[in-house]
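Asker: input_2.tsv is reproduced below (TSV, C-alpha atoms).
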```tsv
chain	number	residue	atom	x	y	z
P	1	MET	CA	-43.59	-4.92	-5.03
P	2	PHE	CA	-40.67	-3.35	-3.19
P	3	LYS	CA	-37.21	-2.12	-4.17
P	4	GLY	CA	-34.01	-3.84	-3.16
P	5	ILE	CA	-30.49	-4.63	-4.27
P	6	LEU	CA	-30.52	-7.98	-6.01
P	7	ILE	CA	-27.31	-9.91	-6.72
P	8	GLU	CA	-27.56	-12.30	-9.65
P	9	LYS	CA	-25.12	-14.74	-11.21
P	10	ASP	CA	-25.72	-16.55	-14.50
P	11	GLU	CA	-24.29	-16.88	-18.02
P	12	ALA	CA	-24.28	-13.07	-18.26
P	13	GLY	CA	-21.98	-12.84	-15.23
P	14	TYR	CA	-22.11	-11.54	-11.66
P	15	ARG	CA	-24.02	-8.31	-11.07
P	16	ALA	CA	-25.80	-6.26	-8.42
P	17	ALA	CA	-28.55	-3.77	-9.21
P	18	VAL	CA	-31.56	-2.12	-7.62
P	19	LYS	CA	-34.61	-4.05	-8.78
P	20	ASP	CA	-38.36	-4.19	-8.19
P	21	ILE	CA	-38.98	-7.37	-6.19
P	22	ASP	CA	-42.34	-9.07	-5.73
P	23	ASP	CA	-43.44	-10.04	-2.22
P	24	SER	CA	-43.87	-13.61	-3.46
P	25	GLN	CA	-40.11	-13.82	-3.99
P	26	LEU	CA	-39.35	-13.33	-0.29
P	27	PRO	CA	-37.73	-16.37	1.35
P	28	GLU	CA	-39.23	-18.47	4.11
P	29	GLY	CA	-39.49	-17.02	7.61
P	30	ASP	CA	-41.98	-16.39	10.37
P	31	VAL	CA	-41.54	-12.60	10.65
P	32	THR	CA	-41.88	-10.02	7.86
P	33	VAL	CA	-40.11	-6.72	8.54
P	34	ARG	CA	-40.48	-3.33	6.88
P	35	VAL	CA	-36.85	-2.27	6.73
P	36	ASP	CA	-36.00	1.28	7.76
P	37	TYR	CA	-32.22	1.10	7.52
P	38	SER	CA	-29.45	-1.29	6.63
P	39	SER	CA	-25.72	-0.70	6.34
P	40	LEU	CA	-22.59	-1.58	4.41
P	41	ASN	CA	-20.13	-3.88	6.14
P	42	TYR	CA	-16.96	-5.39	4.66
P	43	LYS	CA	-18.87	-8.60	4.02
P	44	ASP	CA	-21.59	-6.67	2.16
P	45	GLY	CA	-18.89	-5.02	0.07
P	46	LEU	CA	-17.50	-8.43	-0.88
P	47	ALA	CA	-21.00	-9.66	-1.72
P	48	ILE	CA	-21.99	-6.68	-3.89
P	49	THR	CA	-18.70	-6.48	-5.78
P	50	GLY	CA	-18.22	-10.23	-6.07
P	51	LYS	CA	-14.68	-9.83	-4.72
P	52	GLY	CA	-15.19	-12.67	-2.24
P	53	PRO	CA	-17.27	-15.89	-2.12
P	54	VAL	CA	-19.78	-14.47	0.35
P	55	VAL	CA	-23.05	-15.18	-1.46
P	56	ARG	CA	-23.97	-18.86	-1.23
P	57	LYS	CA	-27.14	-18.86	-3.33
P	58	PHE	CA	-28.60	-16.69	-6.07
P	59	PRO	CA	-30.43	-14.40	-6.45
P	60	MET	CA	-29.51	-12.75	-3.14
P	61	VAL	CA	-30.39	-9.54	-1.36
P	62	PRO	CA	-27.26	-8.46	0.57
P	63	GLY	CA	-27.21	-6.58	3.87
P	64	ILE	CA	-26.19	-8.24	7.15
P	65	ASP	CA	-27.75	-5.48	9.29
P	66	ILE	CA	-31.45	-4.74	9.53
P	67	ALA	CA	-33.43	-2.29	11.64
P	68	GLY	CA	-37.15	-1.95	11.04
P	69	THR	CA	-40.72	-2.64	12.08
P	70	VAL	CA	-42.55	-5.96	12.14
P	71	GLU	CA	-45.24	-6.00	9.46
P	72	ALA	CA	-46.52	-9.53	10.08
P	73	SER	CA	-45.51	-12.32	12.46
P	74	ASP	CA	-46.23	-15.99	13.05
P	75	ASN	CA	-43.65	-15.98	15.86
P	76	PRO	CA	-45.14	-15.56	19.36
P	77	ALA	CA	-42.20	-13.38	20.44
P	78	TYR	CA	-43.09	-10.61	17.97
P	79	LYS	CA	-46.19	-8.78	16.80
P	80	ALA	CA	-46.93	-6.20	14.12
P	81	GLY	CA	-45.51	-2.83	15.09
P	82	ASP	CA	-42.57	-4.16	17.12
P	83	ARG	CA	-39.25	-2.45	16.44
P	84	VAL	CA	-36.53	-5.02	15.76
P	85	LEU	CA	-32.87	-5.39	14.91
P	86	LEU	CA	-30.86	-8.12	13.20
P	87	ASN	CA	-27.10	-8.67	12.81
P	88	GLY	CA	-25.58	-11.64	10.99
P	89	TRP	CA	-27.13	-15.14	11.09
P	90	GLY	CA	-26.15	-15.65	7.45
P	91	VAL	CA	-28.49	-13.01	6.03
P	92	GLY	CA	-27.01	-11.57	2.87
P	93	GLU	CA	-25.17	-14.87	2.39
P	94	THR	CA	-27.66	-17.75	2.48
P	95	HIS	CA	-30.85	-15.81	3.32
P	96	TRP	CA	-32.06	-12.50	1.88
P	97	GLY	CA	-30.80	-9.56	3.90
P	98	GLY	CA	-31.54	-5.94	4.66
P	99	LEU	CA	-30.61	-3.94	1.56
P	100	ALA	CA	-34.24	-3.89	0.48
P	101	ARG	CA	-37.43	-2.29	1.76
P	102	LYS	CA	-38.79	-5.57	3.07
P	103	ALA	CA	-37.31	-8.73	4.62
P	104	ARG	CA	-38.73	-12.06	5.73
P	105	LEU	CA	-36.74	-13.62	8.55
P	106	LYS	CA	-36.69	-16.16	11.35
P	107	GLY	CA	-37.89	-14.53	14.54
P	108	ASP	CA	-35.16	-16.32	16.50
P	109	TRP	CA	-32.62	-14.14	14.67
P	110	LEU	CA	-34.16	-10.88	15.83
P	111	VAL	CA	-33.60	-8.84	18.97
P	112	PRO	CA	-35.78	-5.96	20.13
P	113	LEU	CA	-34.43	-2.59	19.02
P	114	PRO	CA	-32.54	-1.32	22.10
P	115	SER	CA	-34.33	1.60	23.75
P	116	ALA	CA	-31.06	3.54	23.89
P	117	PHE	CA	-30.98	3.88	20.09
P	118	THR	CA	-33.10	4.92	17.16
P	119	ALA	CA	-33.26	2.54	14.20
P	120	ARG	CA	-30.74	4.67	12.34
P	121	GLN	CA	-28.35	4.75	15.30
P	122	ALA	CA	-28.62	0.99	15.80
P	123	VAL	CA	-27.67	0.36	12.17
P	124	ALA	CA	-24.93	2.99	12.37
P	125	ILE	CA	-23.46	0.77	15.08
P	126	GLY	CA	-24.51	-2.39	13.25
P	127	THR	CA	-22.57	-5.62	13.01
P	128	ALA	CA	-19.30	-3.69	13.07
P	129	GLY	CA	-20.06	-1.97	16.38
P	130	TYR	CA	-21.63	-5.05	17.92
P	131	THR	CA	-18.52	-7.01	16.94
P	132	ALA	CA	-16.33	-4.32	18.50
P	133	MET	CA	-18.33	-4.67	21.71
P	134	LEU	CA	-17.88	-8.46	21.66
P	135	CYS	CA	-14.12	-7.81	21.48
P	136	VAL	CA	-14.27	-5.43	24.45
P	137	LEU	CA	-16.32	-7.93	26.46
P	138	ALA	CA	-13.74	-10.63	25.67
P	139	LEU	CA	-10.91	-8.39	26.90
P	140	GLU	CA	-12.84	-7.80	30.12
P	141	ARG	CA	-13.60	-11.49	30.60
P	142	GLN	CA	-9.89	-12.24	30.25
P	143	GLY	CA	-9.11	-9.71	32.96
P	144	VAL	CA	-7.63	-6.85	30.91
P	145	LYS	CA	-8.13	-3.64	32.91
P	146	PRO	CA	-7.60	0.00	31.87
P	147	GLY	CA	-4.50	0.30	34.03
P	148	ASP	CA	-2.77	-2.72	32.51
P	149	GLY	CA	-1.39	-0.90	29.47
P	150	GLU	CA	-2.18	0.11	25.93
P	151	ILE	CA	-4.85	-1.52	23.75
P	152	VAL	CA	-3.99	-1.59	20.05
P	153	VAL	CA	-6.81	-1.41	17.48
P	154	THR	CA	-6.01	-2.30	13.87
P	155	GLY	CA	-8.05	-1.22	10.86
P	156	ALA	CA	-8.87	1.69	13.11
P	157	ALA	CA	-10.64	3.94	10.61
P	158	GLY	CA	-13.12	1.21	9.64
P	159	GLY	CA	-16.40	0.42	11.34
P	160	VAL	CA	-15.17	-2.08	13.94
P	161	GLY	CA	-12.10	0.00	14.73
P	162	SER	CA	-13.99	3.27	15.05
P	163	VAL	CA	-16.53	1.89	17.52
P	164	ALA	CA	-13.87	-0.05	19.44
P	165	ILE	CA	-11.81	3.10	19.96
P	166	ALA	CA	-14.81	5.12	21.13
P	167	VAL	CA	-15.95	2.41	23.58
P	168	LEU	CA	-12.49	1.64	24.96
P	169	LYS	CA	-11.76	5.33	25.51
P	170	ARG	CA	-15.01	5.81	27.40
P	171	LEU	CA	-14.15	2.81	29.59
P	172	GLY	CA	-10.81	4.39	30.50
P	173	TYR	CA	-8.40	2.39	28.33
P	174	THR	CA	-5.44	3.94	26.54
P	175	VAL	CA	-5.93	3.19	22.85
P	176	VAL	CA	-3.35	3.10	20.06
P	177	ALA	CA	-4.92	3.17	16.60
P	178	VAL	CA	-3.29	1.45	13.60
P	179	SER	CA	-4.28	2.75	10.18
P	180	GLY	CA	-2.96	2.94	6.65
P	181	ARG	CA	-4.68	6.27	6.17
P	182	PRO	CA	-2.58	9.06	7.73
P	183	ALA	CA	-5.22	11.62	6.78
P	184	GLU	CA	-7.56	10.03	9.33
P	185	ALA	CA	-5.26	10.66	12.31
P	186	ASP	CA	-7.29	13.62	13.60
P	187	TYR	CA	-10.53	11.65	13.24
P	188	LEU	CA	-9.08	8.73	15.22
P	189	LYS	CA	-7.83	11.03	17.98
P	190	GLN	CA	-11.26	12.67	18.20
P	191	LEU	CA	-12.73	9.22	18.73
P	192	GLY	CA	-10.33	8.66	21.61
P	193	ALA	CA	-7.03	7.29	20.28
P	194	ALA	CA	-4.03	8.47	22.29
P	195	GLU	CA	-1.68	7.67	19.40
P	196	VAL	CA	-1.99	6.74	15.73
P	197	ILE	CA	0.66	4.56	14.08
P	198	ASP	CA	1.06	3.43	10.49
P	199	ARG	CA	-0.02	-0.08	9.59
P	200	SER	CA	3.21	-0.69	7.66
P	201	ILE	CA	4.87	-1.44	11.01
P	202	PHE	CA	2.79	-4.61	11.23
P	203	SER	CA	2.08	-5.61	7.64
P	204	ALA	CA	5.42	-7.25	6.76
P	205	PRO	CA	6.68	-10.61	8.07
P	206	GLY	CA	8.09	-10.19	11.58
P	207	LYS	CA	9.97	-12.05	14.28
P	208	PRO	CA	8.36	-14.71	16.48
P	209	LEU	CA	8.70	-12.34	19.44
P	210	GLY	CA	9.16	-8.58	19.62
P	211	LYS	CA	9.33	-5.99	22.35
P	212	GLU	CA	6.36	-6.31	24.70
P	213	ARG	CA	3.91	-3.42	24.41
P	214	TRP	CA	0.20	-4.26	24.24
P	215	ALA	CA	-1.98	-5.28	27.16
P	216	GLY	CA	-4.71	-6.12	24.68
P	217	ALA	CA	-5.70	-5.85	21.04
P	218	VAL	CA	-8.67	-5.67	18.70
P	219	ASP	CA	-7.60	-6.95	15.29
P	220	VAL	CA	-9.67	-6.90	12.11
P	221	VAL	CA	-6.80	-7.52	9.69
P	222	GLY	CA	-5.39	-11.01	10.27
P	223	SER	CA	-2.31	-12.29	8.41
P	224	HIS	CA	1.05	-10.68	9.26
P	225	THR	CA	-0.63	-7.90	11.22
P	226	LEU	CA	-2.23	-10.32	13.67
P	227	ALA	CA	1.01	-12.31	13.94
P	228	ASN	CA	3.02	-9.16	14.71
P	229	ILE	CA	0.44	-7.96	17.25
P	230	CYS	CA	0.67	-11.30	19.07
P	231	ALA	CA	4.49	-11.15	18.98
P	232	THR	CA	4.51	-7.72	20.67
P	233	THR	CA	1.78	-8.34	23.25
P	234	GLN	CA	2.74	-8.19	26.93
P	235	TYR	CA	3.08	-11.21	29.17
P	236	ARG	CA	-0.42	-12.65	29.65
P	237	GLY	CA	-1.92	-10.05	27.34
P	238	VAL	CA	-5.05	-10.73	25.29
P	239	VAL	CA	-5.58	-10.38	21.54
P	240	THR	CA	-9.08	-10.50	20.03
P	241	ALA	CA	-9.33	-11.42	16.35
P	242	CYS	CA	-12.48	-10.63	14.40
P	243	GLY	CA	-11.52	-9.95	10.79
P	244	LEU	CA	-9.45	-10.85	7.75
P	245	ALA	CA	-9.11	-7.59	5.81
P	246	GLY	CA	-5.41	-8.38	5.29
P	247	GLY	CA	-5.81	-12.10	4.68
P	248	MET	CA	-7.08	-15.32	6.22
P	249	ASP	CA	-3.60	-16.68	6.92
P	250	PHE	CA	-1.87	-16.46	10.31
P	251	PRO	CA	1.91	-16.71	9.77
P	252	SER	CA	2.87	-16.84	13.43
P	253	SER	CA	4.58	-19.23	15.83
P	254	VAL	CA	3.67	-20.68	19.20
P	255	ALA	CA	6.23	-18.41	20.91
P	256	PRO	CA	3.83	-15.68	22.12
P	257	PHE	CA	1.50	-18.30	23.56
P	258	ILE	CA	3.95	-20.63	25.32
P	259	LEU	CA	6.61	-18.11	26.33
P	260	ARG	CA	4.45	-15.11	27.24
P	261	GLY	CA	1.11	-16.75	27.95
P	262	VAL	CA	-0.65	-14.57	25.39
P	263	THR	CA	-4.31	-15.41	24.84
P	264	LEU	CA	-5.77	-15.23	21.33
P	265	VAL	CA	-9.55	-14.99	21.41
P	266	GLY	CA	-11.59	-15.56	18.25
P	267	ILE	CA	-14.66	-13.35	17.90
P	268	ASP	CA	-17.59	-14.56	15.79
P	269	SER	CA	-20.51	-12.18	15.43
P	270	VAL	CA	-22.51	-14.14	12.84
P	271	MET	CA	-23.68	-17.12	14.92
P	272	CYS	CA	-23.11	-15.59	18.35
P	273	PRO	CA	-25.80	-16.83	20.80
P	274	ARG	CA	-28.72	-14.52	21.40
P	275	ALA	CA	-27.96	-14.07	25.11
P	276	GLU	CA	-24.51	-12.68	24.31
P	277	ARG	CA	-25.96	-10.40	21.63
P	278	LEU	CA	-28.36	-8.91	24.17
P	279	VAL	CA	-25.48	-8.26	26.59
P	280	ALA	CA	-23.41	-6.64	23.85
P	281	TRP	CA	-26.25	-4.33	22.82
P	282	GLU	CA	-27.05	-3.47	26.44
P	283	ARG	CA	-23.40	-2.52	26.97
P	284	LEU	CA	-23.34	-0.47	23.77
P	285	GLY	CA	-26.26	1.49	25.17
P	286	ARG	CA	-24.16	2.28	28.25
P	287	ASP	CA	-20.63	2.50	26.93
P	288	LEU	CA	-20.86	4.11	23.48
P	289	ASP	CA	-21.20	7.87	23.30
P	290	VAL	CA	-23.97	8.27	20.72
P	291	ASP	CA	-22.70	11.76	19.94
P	292	LYS	CA	-19.67	10.05	18.37
P	293	LEU	CA	-21.95	8.25	15.90
P	294	ALA	CA	-22.39	11.42	13.84
P	295	MET	CA	-18.62	11.54	13.36
P	296	ILE	CA	-18.40	7.84	12.55
P	297	THR	CA	-21.37	7.62	10.16
P	298	HIS	CA	-22.52	8.84	6.80
P	299	GLU	CA	-25.67	7.90	4.91
P	300	VAL	CA	-26.35	6.78	1.35
P	301	SER	CA	-29.39	5.72	-0.65
P	302	LEU	CA	-30.08	2.20	-1.87
P	303	ALA	CA	-28.66	2.94	-5.33
P	304	GLU	CA	-25.61	4.74	-3.91
P	305	ALA	CA	-24.77	1.68	-1.82
P	306	ILE	CA	-23.59	-0.23	-4.90
P	307	PRO	CA	-20.67	2.04	-5.90
P	308	MET	CA	-19.95	2.66	-2.22
P	309	ALA	CA	-19.38	-1.08	-1.76
P	310	ALA	CA	-16.39	-0.95	-4.13
P	311	GLN	CA	-14.91	1.99	-2.22
P	312	LEU	CA	-15.37	0.07	1.04
P	313	ILE	CA	-13.40	-2.93	-0.26
P	314	GLU	CA	-10.65	-0.58	-1.45
P	315	GLY	CA	-10.28	0.82	2.07
P	316	LYS	CA	-11.52	4.28	1.09
P	317	VAL	CA	-14.47	4.50	3.46
P	318	ARG	CA	-14.21	5.91	6.97
P	319	GLY	CA	-16.33	4.53	9.78
P	320	ARG	CA	-19.85	3.31	9.10
P	321	VAL	CA	-22.13	3.59	6.07
P	322	VAL	CA	-25.85	3.70	6.84
P	323	VAL	CA	-28.18	2.85	3.96
P	324	ASP	CA	-31.64	4.45	3.91
P	325	VAL	CA	-33.39	1.77	1.89
P	326	ASN	CA	-36.44	3.98	1.40
P	327	ARG	CA	-34.67	6.55	-0.72
```
Could I get this structure in the form of structure tokens?
Answerer:
Amino acid sequence: MFKGILIEKDEAGYRAAVKDIDDSQLPEGDVTVRVDYSSLNYKDGLAITGKGPVVRKFPMVPGIDIAGTVEASDNPAYKAGDRVLLNGWGVGETHWGGLARKARLKGDWLVPLPSAFTARQAVAIGTAGYTAMLCVLALERQGVKPGDGEIVVTGAAGGVGSVAIAVLKRLGYTVVAVSGRPAEADYLKQLGAAEVIDRSIFSAPGKPLGKERWAGAVDVVGSHTLANICATTQYRGVVTACGLAGGMDFPSSVAPFILRGVTLVGIDSVMCPRAERLVAWERLGRDLDVDKLAMITHEVSLAEAIPMAAQLIEGKVRGRVVVDVNR
């Protein structure tokens, strides 16, 4: 038996609770992992609260991030004692995830725990930080250089935004943070933001084109915010889109793309090929100041993760939430 958060849905309704789970209930997979840490991402918040149709089958253990130690393996790439990491691949949605003390997974989903990080640090970065790094890599691939102009980061006080700011600053970019939480301005500037602006500037319907400002962008919000970012991006600037905190719609026009040559790059972290994951984690080891993780992160227990999920969805959580599943 092991403890984990179990999401159930039946005649009694939708609910999430810490339960004792029998090993025989674990799903199919060729690697069994003793989980050290998981985390709370926006998707986990939706799953635990039931505020979004994230969970595809029930019962479900949420948790899209896992760091732990291989307990048993039928996969030749891993052996007992190996330290491993997982982000995405549908865990916590269609396959039991990391908010439990044990997980059974497909070895192809795992990557070795990067030597630059402890298990706790790797989960503090987690899917949010790895997604932020995918955005930075996309900006680089599209030729956006530090001297080209400002990079705007929306949802800046969240996990993706926090890591994106820290990485971009270390790489020499000038970062403008967008947040709806004015109290977090000092925090965002400590991470590396040169300026903090209120999200209300972007959240209402805007014009097809606005004054050119951004050389690049990391957007986690979508909807009017993404449309307004595109409309104010410089000629041949690059916008990376990786979230929908403000909505799945995109009420824009073709004007930024055909008149200014703006590039909109979609970032998917869930099914991202393994080779790209390894590059992203290698770059995080080089380009993220681990000392900033203490500022970005706070830790909760397995039981505390459930009420914390509601706060996360309400936009009341700063940075990253690490879950120690063993307390």
Asker: What's around P:Val265 at 8 Å? Count all atoms listed in the file, leave out sequence neighbours fewer than 6 positions away in its own chain, and write the answer as a CSV table (one decimal) with C-alpha atoms, in the coordinates of the input.
Answerer:
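selection.csv was written with the following content:
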```csv
chain,number,residue,atom,x,y,z
P,138,ALA,CA,-13.7,-10.6,25.7
P,238,VAL,CA,-5.0,-10.7,25.3
P,239,VAL,CA,-5.6,-10.4,21.5
P,240,THR,CA,-9.1,-10.5,20.0
P,241,ALA,CA,-9.3,-11.4,16.4
```
Asker: I'd like the neighbourhood of stretch 257-262 of chain P as a count of residues only, where a residue qualifies if any of its atoms comes within 9 Å (using only C-alpha atoms), though same-chain residues fewer than 4 positions away should be ignored.
Answerer: 10
Asker: Atom CA of P:Gly143 and atom CA of P:Gly246, how far apart in Å?
Answerer: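 A separation of 27.9 Å between them.
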Asker: Would you list the residues near (-4.6, 8.6, 7.9), meaning any protein, DNA or RNA residue with an atom at most 10 Å from that point in file coordinates, counting all atoms listed in the file, as a PyMOL selection string?
Answerer: chain P and resi 156-157+178-188+196-199
Asker: Using only C-alpha atoms for the distances, tell me which of P:Gly159, P:Gly285, P:Gly97, P:Gly315 is nearest to P:Ser115.
Answerer: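 Between P:Gly159, P:Gly285, P:Gly97, P:Gly315, the residue approaching P:Ser115 most closely is P:Gly285.
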Asker: So that each row is one residue of stretch 160-265 of chain P with an atom at most 10 Å from stretch 121-128 of chain P, can you give its shortest atom pair and the distance in Å to one decimal, using all atoms listed in the file, rows by chain and rising number, as a tab-separated table?
Answerer:
```
residue	atom	partner	partner_atom	distance
P:Val160	CA	P:Ala128	CA	4.5
P:Gly161	CA	P:Ala128	CA	8.3
P:Ser162	CA	P:Ala128	CA	9.0
P:Val163	CA	P:Ile125	CA	7.4
P:Ala164	CA	P:Ala128	CA	9.1
P:Cys242	CA	P:Ala128	CA	9.8
```
Asker: Any idea what the distance is between atom CA of P:Tyr37 and atom CA of P:Asn326?
Answerer: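 Value for the atom CA of P:Tyr37-atom CA of P:Asn326 distance: 8.0 Å.
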Asker: Point out the residue among P:Lys9, P:Arg101, P:Arg34, P:Arg83 with the least atom-to-atom distance to P:Thr49, counting only C-alpha atoms.
Answerer: P:Lys9
Asker: Excluding P:Pro27 and its own-chain neighbours fewer than 2 positions away, which residues fall within 12 Å of it when counting only C-alpha atoms? Please give them as a list in words.
Answerer: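 Skipping anything fewer than 2 positions along the chain leaves Ile21, Asp22, Asp23, Ser24, Gln25, Gly29, Asp30, Val31, Thr32, Lys57, Phe58, Pro59, Met60, Val61, Val91, Gly92, Thr94, His95, Trp96, Gly97, Lys102, Ala103, Arg104, Leu105 and Lys106 of chain P.
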Asker: I'd like the neighbourhood of stretch 11-17 of chain P as a list in words, where a residue qualifies if any of its atoms comes within 7 Å (using all atoms listed in the file), though same-chain residues fewer than 4 positions away should be ignored.
Answerer: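 The neighbour list is Ile5, Leu6, Ile7, Ile48 and Gly50 of chain P.
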Asker: Counting only C-alpha atoms, figure out which residue out of P:Ser301, P:Ser252, P:Asn41, P:Thr154 gets nearest to P:Ser200.
Answerer: P:Thr154
Asker: As an exercise, work out the distance from atom CA of P:Trp109 to atom CA of P:Asp65 in Å and give it to one decimal place.
Answerer: 11.3 Å
Asker: Please check which residues have atoms at most 12 Å from (-7.1, -5.2, 32.2) in the file's coordinates, counting all atoms listed in the file, and write them as a VMD selection string.
Answerer: chain P and resid 136 to 151 168 171 to 174 214 to 217 234 236 to 239
Asker: Please provide as a PDB file with C-alpha atoms, keeping the file's coordinate frame all residues within 6 Å of P:Glu93, with the sequence filter that same-chain residues fewer than 3 positions apart are discarded (counting all atoms listed in the file).
Answerer:
```
ATOM      1  CA  VAL P  54     -19.780 -14.470   0.350  1.00  0.00           C
ATOM      2  CA  VAL P  55     -23.050 -15.180  -1.460  1.00  0.00           C
ATOM      3  CA  ARG P  56     -23.970 -18.860  -1.230  1.00  0.00           C
ATOM      4  CA  GLY P  90     -26.150 -15.650   7.450  1.00  0.00           C
TER       5      GLY P  90
END
```
Asker: Would you fill the gaps in stretch 85-99 of chain P so it has N, CA, C and O atoms, then print it as a short mmCIF file (atom, residue, chain, number, x, y, z; two decimals), in the frame of the given file?
Answerer:
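So part13.cif came out as:
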```
data_model
loop_
_atom_site.label_atom_id
_atom_site.label_comp_id
_atom_site.auth_asym_id
_atom_site.auth_seq_id
_atom_site.Cartn_x
_atom_site.Cartn_y
_atom_site.Cartn_z
N LEU P 85 -34.22 -5.54 15.41
CA LEU P 85 -32.87 -5.39 14.91
C LEU P 85 -32.32 -6.77 14.58
O LEU P 85 -32.62 -7.74 15.28
N LEU P 86 -31.51 -6.87 13.53
CA LEU P 86 -30.86 -8.12 13.20
C LEU P 86 -29.42 -7.85 12.77
O LEU P 86 -29.15 -6.90 12.04
N ASN P 87 -28.51 -8.70 13.22
CA ASN P 87 -27.10 -8.67 12.81
C ASN P 87 -26.64 -10.10 12.52
O ASN P 87 -26.68 -10.94 13.41
N GLY P 88 -26.18 -10.35 11.30
CA GLY P 88 -25.58 -11.64 10.99
C GLY P 88 -26.56 -12.75 10.69
O GLY P 88 -27.49 -12.59 9.91
N TRP P 89 -26.33 -13.92 11.29
CA TRP P 89 -27.13 -15.14 11.09
C TRP P 89 -27.16 -15.61 9.65
O TRP P 89 -28.07 -16.34 9.25
N GLY P 90 -26.20 -15.18 8.84
CA GLY P 90 -26.15 -15.65 7.45
C GLY P 90 -27.02 -14.86 6.49
O GLY P 90 -27.07 -15.20 5.29
N VAL P 91 -27.72 -13.81 6.98
CA VAL P 91 -28.49 -13.01 6.03
C VAL P 91 -27.51 -12.28 5.11
O VAL P 91 -26.42 -11.88 5.50
N GLY P 92 -27.89 -12.14 3.87
CA GLY P 92 -27.01 -11.57 2.87
C GLY P 92 -26.02 -12.57 2.31
O GLY P 92 -25.25 -12.25 1.41
N GLU P 93 -26.05 -13.79 2.86
CA GLU P 93 -25.17 -14.87 2.39
C GLU P 93 -25.99 -16.07 1.91
O GLU P 93 -25.87 -16.51 0.77
N THR P 94 -26.81 -16.61 2.82
CA THR P 94 -27.66 -17.75 2.48
C THR P 94 -29.14 -17.41 2.58
O THR P 94 -29.99 -18.21 2.17
N HIS P 95 -29.46 -16.24 3.15
CA HIS P 95 -30.85 -15.81 3.32
C HIS P 95 -30.91 -14.33 2.98
O HIS P 95 -30.02 -13.57 3.36
N TRP P 96 -31.96 -13.90 2.31
CA TRP P 96 -32.06 -12.50 1.88
C TRP P 96 -31.91 -11.55 3.07
O TRP P 96 -32.51 -11.75 4.12
N GLY P 97 -31.13 -10.50 2.84
CA GLY P 97 -30.80 -9.56 3.90
C GLY P 97 -31.54 -8.23 3.85
O GLY P 97 -32.66 -8.14 3.34
N GLY P 98 -30.87 -7.20 4.35
CA GLY P 98 -31.54 -5.94 4.66
C GLY P 98 -31.45 -4.84 3.64
O GLY P 98 -32.06 -3.78 3.84
N LEU P 99 -30.72 -5.02 2.55
CA LEU P 99 -30.61 -3.94 1.56
C LEU P 99 -31.79 -3.97 0.59
O LEU P 99 -31.65 -4.07 -0.62
#
```
